[in-house]
Amino acid sequence: MNCSILILRFCLLCALFFSVKNKAAGQQIVSQLENYATRFSPERAHLHYDKSSYAPGETIWFKAYLLNEVIAAAESKNFYVDWIDDKGRILRHTVAPLVQGLTSGQFDIPADYKGRYIAVKAYTSWMLNFDSSFIYKKAINILHKDSVKLPQAIVIKPELQFFAEGGDLIANFPNKVAFKATDQWGRPVKIKGVVQGSDGKVIDSLRVQHDGMGYVLLNPAPGASFTAKWKDEQQKDHSTPLPSVKTSGAQLQVTLSPGKRAFRVQLSPDIVSASDSVYVMGTMFQHPVFTIAKSSKGEITGIVPTANLPYGILTITVFDKSWKPMAERITYIDNNAPYIFKPEMEVQRWGLSYRARDEIKITVPADIASSLSIAVTDLSIDSDSSDNIISELMLTSELKGKVHNAAYYFTNPTENKQQLLDLVMLTNGWRRIKWEQIIAGSFPKINYPRDTSYLSLSGSVQGVMPGSIGNGASAMMIVTQKDQQNKMLLVPIERDGSFNDRSTIIFDTAQIYYQFQDKALKGASISFVPNKLRTPAAGKPYTNLLWPDTTGISRHLMLSDENNANIQKSKFKELEAVTVTAKTKPVIDQMDEKYASGLFSGGDAIRFDVANDKFANVGDIFTYLQGKVAGLQITGQGANASLSWRGGSPQIYVDEVPTDVNMVSSINITDVAFIKAFRPPFMGGFNGGNGAIAIYTRRGDDVKRDPSTGIPSGKIEGYSNIREFYSPRYLTTERPPDADRDVRTTLYWNPNVTIDPATKQAVISFYNNDVTDAFRVIIEGMTADGRLAHLEEKME
């Protein structure tokens with residue numbers, strides 16, 4: 001990625017005072033940082049769910065959006081999600097294929113799940129190389145009968161934190177010190193109080209401006225100390241010390257104005273006397289945006305024009321002459337408009353009764369090629385609008401601290417909201433750049449390479465000496481997957497032992513049987529899909545609390561309980577006794593229908609149900625067939641076997657793929673389910689005049705394998721299955737008398753809405769249930785160049 005496309009670098013118009021030596025050092029630091037940012041550019045993720053809470057037994061449907069800086073993360077191909085219970089145990093580890101930074105999937109909540117929430121941790125392998133604070137995490141509430149009751153013995157523990165602007169409280173300078181009051185779950189709390197000096201005199205009041213945040217102004221003398229005396233909502237008294245006052249350091253102030261940021265740096269006397277220059281650097285997404293050097297003899301001020309910058313966090317760092325950071329401040333650049341597009345929604349058809357059809361038209365701007373996800377839910381159930389794709393990918397995924405109701409700052413933004421967002425900047429930790437590594441020229445160790453390939457038929461040969469694999473080595477492989485036709489492949493092996501058939505993508509679980517074509521590899525084994533991340537170890541439980549909502553949660557819980565009761569009732573519903581008289585189809589015909597297809601189905605053939613033959617337990621296939629087929633002559637054994645039928649050699653097939661005696665000789669008879677010996681002529685082959693032998697390996701319920709015998713094999717765990725959301729289509733609005741009520745709370749979910757490229761529109765339709773009178777429609781989306789969309793509408 002060419003970062004200059006993303007970030008317009010610029011120079012501040014100010015006098016530069018630095019020696020040639022220091023100038024060269026500065027250029028080296030900038031070059032090292034740019035190299036670091038280019039090589040280790042982080043990814044960040046957002047998940048859109050069909051709704052905000054669920055009941056046991058329901059399915060969580062999601063769409064994942066992934067950005068790298070400000071464009072879609074196209075390099076990573078695999079997306080992992082850990083579904084974790086409230087004790088920290090992993091319920092399931094899923095993986096989905098990423099296409100241009102997009103994927104989707106689902107998780108079925110166990111019907112007997114007792115936990116109050118399920119934690120979601122989502123990431124690519126690349127994201128695991130960096131600070132885990134930036135990995136996507138979310139706790140999803142799980143509704144139970146006690147969900148509308150406040151848990152007993154809940155004790156609110158308010159906490160007050162102070163954050164000096166720039167990092168330190170410096171003596172003899174005016175300092176802005178921000179504060180944030182929260183409870184133990186990160187929710188803002190209301191407080192009132194004052195800041196006192198060591199002599200007990202009131203210096204300033206604690207004025208909360210928004211969501212527990214505010215700031216005080218201090219101009220401390222050396223040796224001064226300050227304490228906040230405050231009361232919580234229960235009028236309980238508290239005392240919190242402010243950061244200690246330092247006599248040495250740099251004091252950094254940043255002021256917000258439309259289209260620019262003004263900064264001011266003041267240095268303590270010892271820094272002034274010891275330095276001949278001070279450096280100020282601005283960075284975005286770890287790329288250097290500007291670097292200036294100024295004499296340390298006076299106050300340093302500057303204006304940063306922001307019109308040509310992207311959205312996101314601008315970090316301003318002050319360094320001493322040795323490039324040691326002394327102060328740092330983050331500020332949000334609110335150039336969001338070019339990176340947001342707004343879909344339009346129009347109701348084309350109103351379903352004016354239960355079970356009636358509704359139709360919605362979605363329109364996107366003419367120059368947008370986007371991928372959308374749409375959820376339609378019952379308007380009266382609980383919802384969470386505190387974050388969305390815009391607030392997540394534009395703000396919170398770049399911050400370590402918790403931001404309460406982050407979507408507020410992006411909903412109808414105003415200049416006042418930008419000032420309040422600056423309080424978020426002052427009160428949340430952000431240290432993505434490790435300056436000591438940059439200065440030293442050392443880069444982080446990459447333990448998880450970016451997985452730029454899908455989970456295909458790949459792996460490496462084990463148990464051979466280096467250099468023993470020659471050019472042209474290959475392995476014959478049979479891929480068996482549930483509900484799929486077996487696939488036979490000849491896979492080339494590289495000289496380093498690796499192989500990758502990118503055309504064979506693995507979903508669910510596949511059993512791979514293999515045989516090396518090179519005698520030098522005799523006795524070797526294969527390790528399949530070595531780069532897939534395995535299920536991680538259990539972690540610590542997340543801290544989350546479900547707060548009661550007497551309206552939304554109560555209705556959601558009522559409908560979910562009824563829906564689960566209907567499901568259970570349908571499982572155990574007694575059917576009327578019906579006597580059915582039918583002729584059972586012979587097992588051999590059932591096997592023929594199950595395994596043979598196309599030209600191999602039917603035909604003039606002698607058939608063998610090997611799966612149910614109790615004598616087919618030893619030897620190879622040719623030994624089994626000897627004497628069983630009139631006119632078929634088999635001489636020799638194993639790879640030396642020779643077949644003759646009517647004076648010629650019959651064509652041999654394994655799972656309807658042409659093969660040879662050598663390959664078939666390595667297949668153990670216990671791995672075979674069905675054999676058809678087609679009498680000459682056989683119309684399915686080139687030498688059909690000599691007949692054919694079609695061998696079918698076991699699959700599905702017929703699989704009974706002993707791993708200690710037969711052809712070597714391995715198991716591949718591929719992508720988790722991605723299902724399609726079920727939405728009923730009613731032919732009539734009348735509910736049958738014996739039918740259960742339709743009480744679906746999610747009426748429509750589509751993670752991959754197709755936009756007509758000609759009209760830039762999409763039309764979706766869904767059917768009402770039996771209880772809902774109004775709907776909530778949430779649309780989210782992303783373009784390949786990183787533009788984001790969020791739209792929430794009500795249908796009433």
# chains A, B, ... in the order shown; residues from 1 in each chain; ligands from 1

call {"tool": "closest_atom_pairs", "arguments": {"of": "stretch 73-172 of chain A", "to": "stretch 227-250 of chain A", "cutoff": "6 Å", "atoms": "only C-alpha atoms", "output": "CSV"}}
result
residue,atom,partner,partner_atom,distance
A:Leu169,CA,A:Val245,CA,5.1
A:Ile170,CA,A:Lys246,CA,5.0
A:Ala171,CA,A:Thr247,CA,5.2

call {"tool": "residues_around", "arguments": {"residues": "A:Ile271", "least_positions_apart": "2", "cutoff": "8 Å", "atoms": "only C-alpha atoms", "output": "NGL selection string"}}
result
:A and (248-249 or 267-269 or 273-275 or 296 or 320)

call {"tool": "write_last_selection", "arguments": {"atoms": "N, CA and C atoms", "output": "CSV table (one decimal), in the first residue's frame"}}
result
chain,number,residue,atom,x,y,z
A,248,SER,N,10.5,18.6,35.9
A,248,SER,CA,11.3,18.5,34.6
A,248,SER,C,10.4,17.8,33.6
A,249,GLY,N,10.4,18.4,32.4
A,249,GLY,CA,9.6,17.8,31.3
A,249,GLY,C,9.1,18.8,30.3
A,267,LEU,N,8.8,24.1,27.9
A,267,LEU,CA,9.8,23.2,28.4
A,267,LEU,C,10.3,23.7,29.8
A,268,SER,N,10.6,22.7,30.7
A,268,SER,CA,11.1,23.1,32.0
A,268,SER,C,12.5,23.7,31.8
A,269,PRO,N,13.0,24.5,32.8
A,269,PRO,CA,14.3,25.1,32.7
A,269,PRO,C,15.5,24.2,32.4
A,273,SER,N,18.1,24.4,29.2
A,273,SER,CA,19.5,24.6,29.3
A,273,SER,C,20.3,23.4,28.7
A,274,ALA,N,19.7,22.2,28.7
A,274,ALA,CA,20.4,21.0,28.3
A,274,ALA,C,20.3,20.7,26.8
A,275,SER,N,19.3,21.3,26.1
A,275,SER,CA,19.1,20.9,24.7
A,275,SER,C,19.4,22.1,23.8
A,296,SER,N,15.2,25.0,21.7
A,296,SER,CA,14.6,24.8,23.0
A,296,SER,C,14.6,26.0,23.9
A,320,ASP,N,13.1,15.1,23.0
A,320,ASP,CA,14.2,15.9,23.3
A,320,ASP,C,15.3,15.7,22.2

call {"tool": "residues_around", "arguments": {"residues": "A:Asp740", "least_positions_apart": "2", "cutoff": "8 Å", "atoms": "only C-alpha atoms", "output": "compact mmCIF listing (two decimals) with N, CA, C and O atoms, in the first residue's frame"}}
result
# COMPACT_ATOMS: atom_id res chain seq x y z
N ASN A 566 -42.18 -23.57 21.04
CA ASN A 566 -42.71 -24.12 19.79
C ASN A 566 -41.76 -25.12 19.18
O ASN A 566 -42.16 -26.15 18.65
N ASP A 738 -54.17 -25.04 13.51
CA ASP A 738 -53.30 -25.88 14.33
C ASP A 738 -51.84 -25.41 14.31
O ASP A 738 -50.95 -26.09 14.84
N ASP A 742 -46.13 -17.39 14.73
CA ASP A 742 -44.80 -16.98 14.25
C ASP A 742 -44.36 -15.81 15.12
O ASP A 742 -44.94 -14.72 15.05

call {"tool": "closest_residue", "arguments": {"among": "A:Gln651, A:Ser370, A:Asn78, A:Thr659", "to": "A:Ile693", "atoms": "only C-alpha atoms"}}
result
A:Gln651

call {"tool": "select_by_dssp", "arguments": {"residues": "stretch 364-612 of chain A", "states": "strand (DSSP E or B)", "output": "VMD selection string"}}
result
chain A and resid 370 to 378 456 to 462 474 to 481 487 to 492 498 to 505 507 509 to 516 525 to 528 605 to 608

call {"tool": "residues_around", "arguments": {"residues": "A:Ser76", "least_positions_apart": "5", "cutoff": "8 Å", "atoms": "only C-alpha atoms", "output": "PyMOL selection string"}}
result
chain A and resi 98+101+124+126+450-453

call {"tool": "residues_around", "arguments": {"residues": "A:Pro110", "least_positions_apart": "5", "cutoff": "9 Å", "atoms": "only C-alpha atoms", "output": "ChimeraX atom specification"}}
result
/A:56-58

call {"tool": "write_last_selection", "arguments": {"atoms": "N, CA and C atoms", "output": "CSV table (one decimal), in the first residue's frame"}}
result
chain,number,residue,atom,x,y,z
A,56,PRO,N,-31.0,-18.4,24.8
A,56,PRO,CA,-30.4,-19.8,24.5
A,56,PRO,C,-31.2,-20.5,23.4
A,57,GLY,N,-30.4,-21.2,22.6
A,57,GLY,CA,-31.0,-21.9,21.5
A,57,GLY,C,-31.2,-21.1,20.2
A,58,GLU,N,-31.0,-19.8,20.3
A,58,GLU,CA,-31.0,-18.9,19.1
A,58,GLU,C,-29.7,-18.9,18.3

call {"tool": "select_by_dssp", "arguments": {"residues": "stretch 62-292 of chain A", "states": "helix (DSSP H, G or I)", "output": "list in words"}}
result
Trp126, Met127, Leu128, Asn129, Ser132, Ser133, Phe134, Pro269, Asp270, Ile271, Val272, Ser273 and Ala274 of chain A

call {"tool": "closest_atom_pairs", "arguments": {"of": "stretch 627-702 of chain A", "to": "stretch 476-483 of chain A", "cutoff": "8 Å", "atoms": "only C-alpha atoms", "output": "Markdown table"}}
result
| residue | atom | partner | partner_atom | distance |
| --- | --- | --- | --- | --- |
| A:Met663 | CA | A:Met476 | CA | 7.9 |
| A:Arg699 | CA | A:Thr480 | CA | 6.8 |
| A:Gly700 | CA | A:Lys482 | CA | 5.8 |
